[in-house]
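**Q** Here's a structure for you.
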Amino acid sequence: MTHALIVIDVQNDFCPGGALAVPEGDVILPGINALMNEAEAVILTQDWHPGGHSSFASSHAGASPYEMIDMPYGPQVLWPDHCIQGTDGAAFHKDLNVDRADMIVRKGYRPAIDSYSALFENDHTTPTGLEGYLRTRGIESLTLVGLATDFCVNFSAVDAARLGFDVTVRTDLCRAIDLDGSLAAAMDGMTGAGVSVT
């Protein structure tokens, strides 16, 4: 076993009707489930914020969602409150085949730092533990799908490529937020890091 499918953040708050809905975020579910059936290993990631997380606009007086601020670890988009631990919004979409998962990686649970990547917090140094899991299982190549292309998928793919994994992003099984050109920038960043974007 050398290959894993990583399904990024297919949660209610990122799907239509959710607090931070990605357009057509639910359309990709049948294709993801079908790909799971072919995968040697399946890993799901789950955004898992405590209430009052520092990445929420509501945590900063006078701030509005989608504003940029500087945090100790770098620039940070301020988001609507989303994926709060234990809420329905944080739950996986009901149509996602969660039973197929070997592992679920929760991220973004540290109150003072956001975490887009499946591998590192947004300081790019604090690990989630996923790299060690993949290494000990002998997994060398990764296929990434899920939400959102330009944030959590992008950061995960770039980090994985920089760690030496062979990384493919299936854009047909991803959807983007596309915030002020973030999708084009993400595509450039992924290809520049050696990610195969199909």
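Starting from 1 in every chain, residues are counted up; chains themselves are A, B, ... following the order of the structure tokens, and ligands are numbered from 1 as listed.
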Show which residues sit within 6 Å of Cys174 (chain A), as an mmCIF file with N, CA and C atoms, in the first residue's frame. Count only C-alpha atoms, and ignore same-chain residues fewer than 5 positions away.
**A**
```cif
data_model
loop_
_atom_site.group_PDB
_atom_site.id
_atom_site.type_symbol
_atom_site.label_atom_id
_atom_site.label_comp_id
_atom_site.auth_asym_id
_atom_site.auth_seq_id
_atom_site.Cartn_x
_atom_site.Cartn_y
_atom_site.Cartn_z
ATOM 1 N N VAL A 145 -8.904 15.640 -2.675
ATOM 2 C CA VAL A 145 -10.199 16.111 -3.159
ATOM 3 C C VAL A 145 -10.871 16.852 -2.006
ATOM 4 N N GLY A 146 -11.922 17.642 -2.321
ATOM 5 C CA GLY A 146 -12.705 18.237 -1.244
ATOM 6 C C GLY A 146 -12.806 19.745 -1.316
ATOM 7 N N LEU A 147 -12.880 20.371 -0.129
ATOM 8 C CA LEU A 147 -13.219 21.794 -0.005
ATOM 9 C C LEU A 147 -12.220 22.509 0.902
ATOM 10 N N THR A 149 -10.856 24.287 -2.800
ATOM 11 C CA THR A 149 -9.671 24.164 -3.650
ATOM 12 C C THR A 149 -8.595 25.173 -3.288
#
```
**Q** Could you go through chain A and tell me which residues DSSP, when run on the backbone, assigns to strand (DSSP E), listing them as a count of residues only?
**A** 44
**Q** Excluding same-chain residues fewer than 5 positions from Asp188 (chain A), what lies within 12 Å of it counting only C-alpha atoms, as a ChimeraX atom specification?
**A** /A:150,154,158,181-183,193-197
**Q** Each residue of region 25-53 of chain A lying at most 8 Å from region 95-116 of chain A should get a row with its shortest atom-to-atom pair and the distance in Å to one decimal, counting only C-alpha atoms; could you produce that, ordered by chain and increasing number, as a Markdown table?
**A**
```
| residue | atom | partner | partner_atom | distance |
| --- | --- | --- | --- | --- |
| A:Leu29 | CA | A:Leu96 | CA | 6.3 |
| A:Ile32 | CA | A:Leu96 | CA | 8.0 |
| A:Asn33 | CA | A:Asn97 | CA | 6.0 |
| A:Met36 | CA | A:Arg100 | CA | 7.0 |
| A:Asn37 | CA | A:Arg100 | CA | 7.9 |
| A:Ala41 | CA | A:Asp102 | CA | 6.5 |
| A:Val42 | CA | A:Ala101 | CA | 4.8 |
| A:Ile43 | CA | A:Met103 | CA | 5.0 |
| A:Leu44 | CA | A:Ile104 | CA | 4.7 |
| A:Thr45 | CA | A:Val105 | CA | 4.6 |
| A:Gln46 | CA | A:Arg106 | CA | 4.7 |
| A:Asp47 | CA | A:Lys107 | CA | 5.2 |
| A:Trp48 | CA | A:Tyr109 | CA | 5.3 |
| A:His49 | CA | A:Tyr109 | CA | 4.7 |
| A:Pro50 | CA | A:Tyr109 | CA | 6.0 |
| A:Gly52 | CA | A:Pro111 | CA | 7.5 |
| A:His53 | CA | A:Pro111 | CA | 4.9 |
```
**Q** Let's have the selection written as a PDB file, in the first residue's frame, with C-alpha atoms.
**A**
```
ATOM      1  CA  LEU A  29     -19.904  13.897  -3.132  1.00  0.00           C
ATOM      2  CA  ILE A  32     -15.578  11.304  -3.965  1.00  0.00           C
ATOM      3  CA  ASN A  33     -17.470   8.273  -2.671  1.00  0.00           C
ATOM      4  CA  MET A  36     -12.984   5.983  -2.067  1.00  0.00           C
ATOM      5  CA  ASN A  37     -13.990   2.544  -3.314  1.00  0.00           C
ATOM      6  CA  ALA A  41      -6.280   4.122   2.121  1.00  0.00           C
ATOM      7  CA  VAL A  42      -8.748   6.925   2.876  1.00  0.00           C
ATOM      8  CA  ILE A  43      -8.113   9.828   5.243  1.00  0.00           C
ATOM      9  CA  LEU A  44     -10.687  12.512   6.040  1.00  0.00           C
ATOM     10  CA  THR A  45      -9.910  15.938   7.442  1.00  0.00           C
ATOM     11  CA  GLN A  46     -12.344  17.863   9.599  1.00  0.00           C
ATOM     12  CA  ASP A  47     -12.222  21.562  10.459  1.00  0.00           C
ATOM     13  CA  TRP A  48     -12.831  21.585  14.227  1.00  0.00           C
ATOM     14  CA  HIS A  49     -12.843  25.047  15.798  1.00  0.00           C
ATOM     15  CA  PRO A  50     -13.620  25.963  19.391  1.00  0.00           C
ATOM     16  CA  GLY A  52     -14.518  32.187  19.667  1.00  0.00           C
ATOM     17  CA  HIS A  53     -11.658  30.972  17.459  1.00  0.00           C
TER      18      HIS A  53
END
```
**Q** Can you pull out every residue within 12 Å of Thr191 (chain A), counting only C-alpha atoms, but drop anything in the same chain fewer than 6 positions away, and send it as a ChimeraX atom specification?
**A** /A:154,157-158,161-162,167-169,184-185,197-198
**Q** Limited to N, CA, C and O atoms, could you put the picked residues into a file as a JSON list (two decimals), in the first residue's frame?
**A**
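The file below, again28.json, is the result:
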```
[["chain", "number", "residue", "atom", "x", "y", "z"],
["A", 154, "ASN", "N", -5.51, 23.46, -1.29],
["A", 154, "ASN", "CA", -4.27, 24.07, -1.75],
["A", 154, "ASN", "C", -3.15, 23.95, -0.72],
["A", 154, "ASN", "O", -2.05, 23.45, -1.02],
["A", 157, "ALA", "N", -2.02, 20.34, -0.28],
["A", 157, "ALA", "CA", -1.29, 19.82, -1.43],
["A", 157, "ALA", "C", 0.14, 20.36, -1.47],
["A", 157, "ALA", "O", 1.10, 19.61, -1.69],
["A", 158, "VAL", "N", 0.28, 21.67, -1.27],
["A", 158, "VAL", "CA", 1.60, 22.29, -1.30],
["A", 158, "VAL", "C", 2.48, 21.75, -0.18],
["A", 158, "VAL", "O", 3.65, 21.40, -0.40],
["A", 161, "ALA", "N", 3.57, 18.16, -1.03],
["A", 161, "ALA", "CA", 4.60, 18.14, -2.08],
["A", 161, "ALA", "C", 5.95, 18.55, -1.51],
["A", 161, "ALA", "O", 6.99, 17.95, -1.83],
["A", 162, "ARG", "N", 5.95, 19.56, -0.66],
["A", 162, "ARG", "CA", 7.21, 20.02, -0.06],
["A", 162, "ARG", "C", 7.82, 18.98, 0.86],
["A", 162, "ARG", "O", 9.04, 18.96, 1.07],
["A", 167, "VAL", "N", 1.93, 14.18, -5.25],
["A", 167, "VAL", "CA", 0.61, 14.72, -4.94],
["A", 167, "VAL", "C", -0.17, 15.04, -6.21],
["A", 167, "VAL", "O", 0.35, 15.72, -7.11],
["A", 168, "THR", "N", -1.41, 14.58, -6.25],
["A", 168, "THR", "CA", -2.34, 14.92, -7.31],
["A", 168, "THR", "C", -3.57, 15.55, -6.69],
["A", 168, "THR", "O", -4.09, 15.05, -5.69],
["A", 169, "VAL", "N", -4.05, 16.65, -7.28],
["A", 169, "VAL", "CA", -5.32, 17.26, -6.88],
["A", 169, "VAL", "C", -6.31, 17.06, -8.01],
["A", 169, "VAL", "O", -6.05, 17.46, -9.15],
["A", 184, "ALA", "N", -6.97, 31.36, -8.69],
["A", 184, "ALA", "CA", -5.87, 31.43, -9.65],
["A", 184, "ALA", "C", -4.53, 31.38, -8.93],
["A", 184, "ALA", "O", -3.59, 30.68, -9.37],
["A", 185, "ALA", "N", -4.43, 32.09, -7.80],
["A", 185, "ALA", "CA", -3.18, 32.07, -7.02],
["A", 185, "ALA", "C", -2.89, 30.67, -6.49],
["A", 185, "ALA", "O", -1.74, 30.21, -6.50],
["A", 197, "VAL", "N", -2.05, 18.88, -11.00],
["A", 197, "VAL", "CA", -3.42, 19.38, -10.90],
["A", 197, "VAL", "C", -4.17, 18.91, -12.13],
["A", 197, "VAL", "O", -3.86, 19.29, -13.25],
["A", 198, "THR", "N", -5.15, 18.02, -11.90],
["A", 198, "THR", "CA", -5.86, 17.42, -13.04],
["A", 198, "THR", "C", -7.33, 17.82, -13.02],
["A", 198, "THR", "O", -7.84, 18.32, -12.02]]
```
**Q** Hey, what's within 12 Å of Cys15 (chain A) if we count only C-alpha atoms and toss same-chain stuff fewer than 2 positions away? As a PyMOL selection string, please?
**A** chain A and resi 9-13+17-29+82-83+88-96+146-148+174-177
**Q** Return the single residue from A:Gly62, A:Gly138, A:Gly31, A:Gly86 that is closest to Thr2 (chain A), with distances computed using only C-alpha atoms.
**A** A:Gly138
**Q** Do you know which residues are at most 12 Å from Ser58 (chain A) counting only C-alpha atoms, after dropping those on the same chain fewer than 5 positions away, and could you put them as a VMD selection string?
**A** chain A and resid 51 to 53 63 to 67 78 to 82
**Q** Could you save the residues just selected, with N, CA, C and O atoms, as a PDB file, in the first residue's frame?
**A**
```pdb
ATOM      1  N   GLY A  51     -15.442  27.492  19.894  1.00  0.00           N
ATOM      2  CA  GLY A  51     -16.142  28.767  19.812  1.00  0.00           C
ATOM      3  C   GLY A  51     -15.189  29.913  20.120  1.00  0.00           C
ATOM      4  O   GLY A  51     -14.271  29.775  20.935  1.00  0.00           O
ATOM      5  N   GLY A  52     -15.382  31.047  19.436  1.00  0.00           N
ATOM      6  CA  GLY A  52     -14.518  32.187  19.667  1.00  0.00           C
ATOM      7  C   GLY A  52     -13.137  32.056  19.064  1.00  0.00           C
ATOM      8  O   GLY A  52     -12.197  32.753  19.480  1.00  0.00           O
ATOM      9  N   HIS A  53     -12.973  31.180  18.074  1.00  0.00           N
ATOM     10  CA  HIS A  53     -11.658  30.972  17.459  1.00  0.00           C
ATOM     11  C   HIS A  53     -11.111  32.286  16.896  1.00  0.00           C
ATOM     12  O   HIS A  53     -11.859  33.131  16.414  1.00  0.00           O
ATOM     13  N   ALA A  63     -14.522  44.005  13.119  1.00  0.00           N
ATOM     14  CA  ALA A  63     -14.079  43.298  11.913  1.00  0.00           C
ATOM     15  C   ALA A  63     -15.260  42.655  11.193  1.00  0.00           C
ATOM     16  O   ALA A  63     -16.270  42.318  11.815  1.00  0.00           O
ATOM     17  N   SER A  64     -15.103  42.494   9.902  1.00  0.00           N
ATOM     18  CA  SER A  64     -16.122  41.846   9.079  1.00  0.00           C
ATOM     19  C   SER A  64     -15.549  40.589   8.440  1.00  0.00           C
ATOM     20  O   SER A  64     -14.339  40.516   8.186  1.00  0.00           O
ATOM     21  N   PRO A  65     -16.404  39.598   8.167  1.00  0.00           N
ATOM     22  CA  PRO A  65     -15.926  38.403   7.484  1.00  0.00           C
ATOM     23  C   PRO A  65     -15.217  38.740   6.174  1.00  0.00           C
ATOM     24  O   PRO A  65     -15.619  39.673   5.466  1.00  0.00           O
ATOM     25  N   TYR A  66     -14.172  38.003   5.908  1.00  0.00           N
ATOM     26  CA  TYR A  66     -13.350  38.068   4.691  1.00  0.00           C
ATOM     27  C   TYR A  66     -12.349  39.215   4.703  1.00  0.00           C
ATOM     28  O   TYR A  66     -11.618  39.396   3.735  1.00  0.00           O
ATOM     29  N   GLU A  67     -12.281  39.970   5.793  1.00  0.00           N
ATOM     30  CA  GLU A  67     -11.183  40.922   5.946  1.00  0.00           C
ATOM     31  C   GLU A  67      -9.891  40.157   6.210  1.00  0.00           C
ATOM     32  O   GLU A  67      -9.902  39.038   6.732  1.00  0.00           O
ATOM     33  N   LEU A  78     -10.273  36.584   7.959  1.00  0.00           N
ATOM     34  CA  LEU A  78     -11.263  36.435   9.024  1.00  0.00           C
ATOM     35  C   LEU A  78     -12.531  35.833   8.429  1.00  0.00           C
ATOM     36  O   LEU A  78     -13.082  36.355   7.467  1.00  0.00           O
ATOM     37  N   TRP A  79     -12.973  34.738   8.996  1.00  0.00           N
ATOM     38  CA  TRP A  79     -14.085  33.975   8.446  1.00  0.00           C
ATOM     39  C   TRP A  79     -15.355  34.152   9.270  1.00  0.00           C
ATOM     40  O   TRP A  79     -15.289  34.478  10.453  1.00  0.00           O
ATOM     41  N   PRO A  80     -16.507  33.892   8.677  1.00  0.00           N
ATOM     42  CA  PRO A  80     -17.714  33.729   9.504  1.00  0.00           C
ATOM     43  C   PRO A  80     -17.497  32.561  10.482  1.00  0.00           C
ATOM     44  O   PRO A  80     -16.720  31.641  10.183  1.00  0.00           O
ATOM     45  N   ASP A  81     -18.161  32.607  11.627  1.00  0.00           N
ATOM     46  CA  ASP A  81     -18.077  31.467  12.554  1.00  0.00           C
ATOM     47  C   ASP A  81     -18.496  30.201  11.807  1.00  0.00           C
ATOM     48  O   ASP A  81     -19.552  30.175  11.157  1.00  0.00           O
ATOM     49  N   HIS A  82     -17.668  29.150  11.885  1.00  0.00           N
ATOM     50  CA  HIS A  82     -17.975  27.926  11.138  1.00  0.00           C
ATOM     51  C   HIS A  82     -17.298  26.730  11.791  1.00  0.00           C
ATOM     52  O   HIS A  82     -16.324  26.873  12.518  1.00  0.00           O
TER      53      HIS A  82
END
```
**Q** Suppose you want the space between CA of Ala186 (chain A) and CA of Ala34 (chain A); what is it in Å?
**A**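 About the pair CA of Ala186 (chain A) and CA of Ala34 (chain A): they are 25.7 Å apart.
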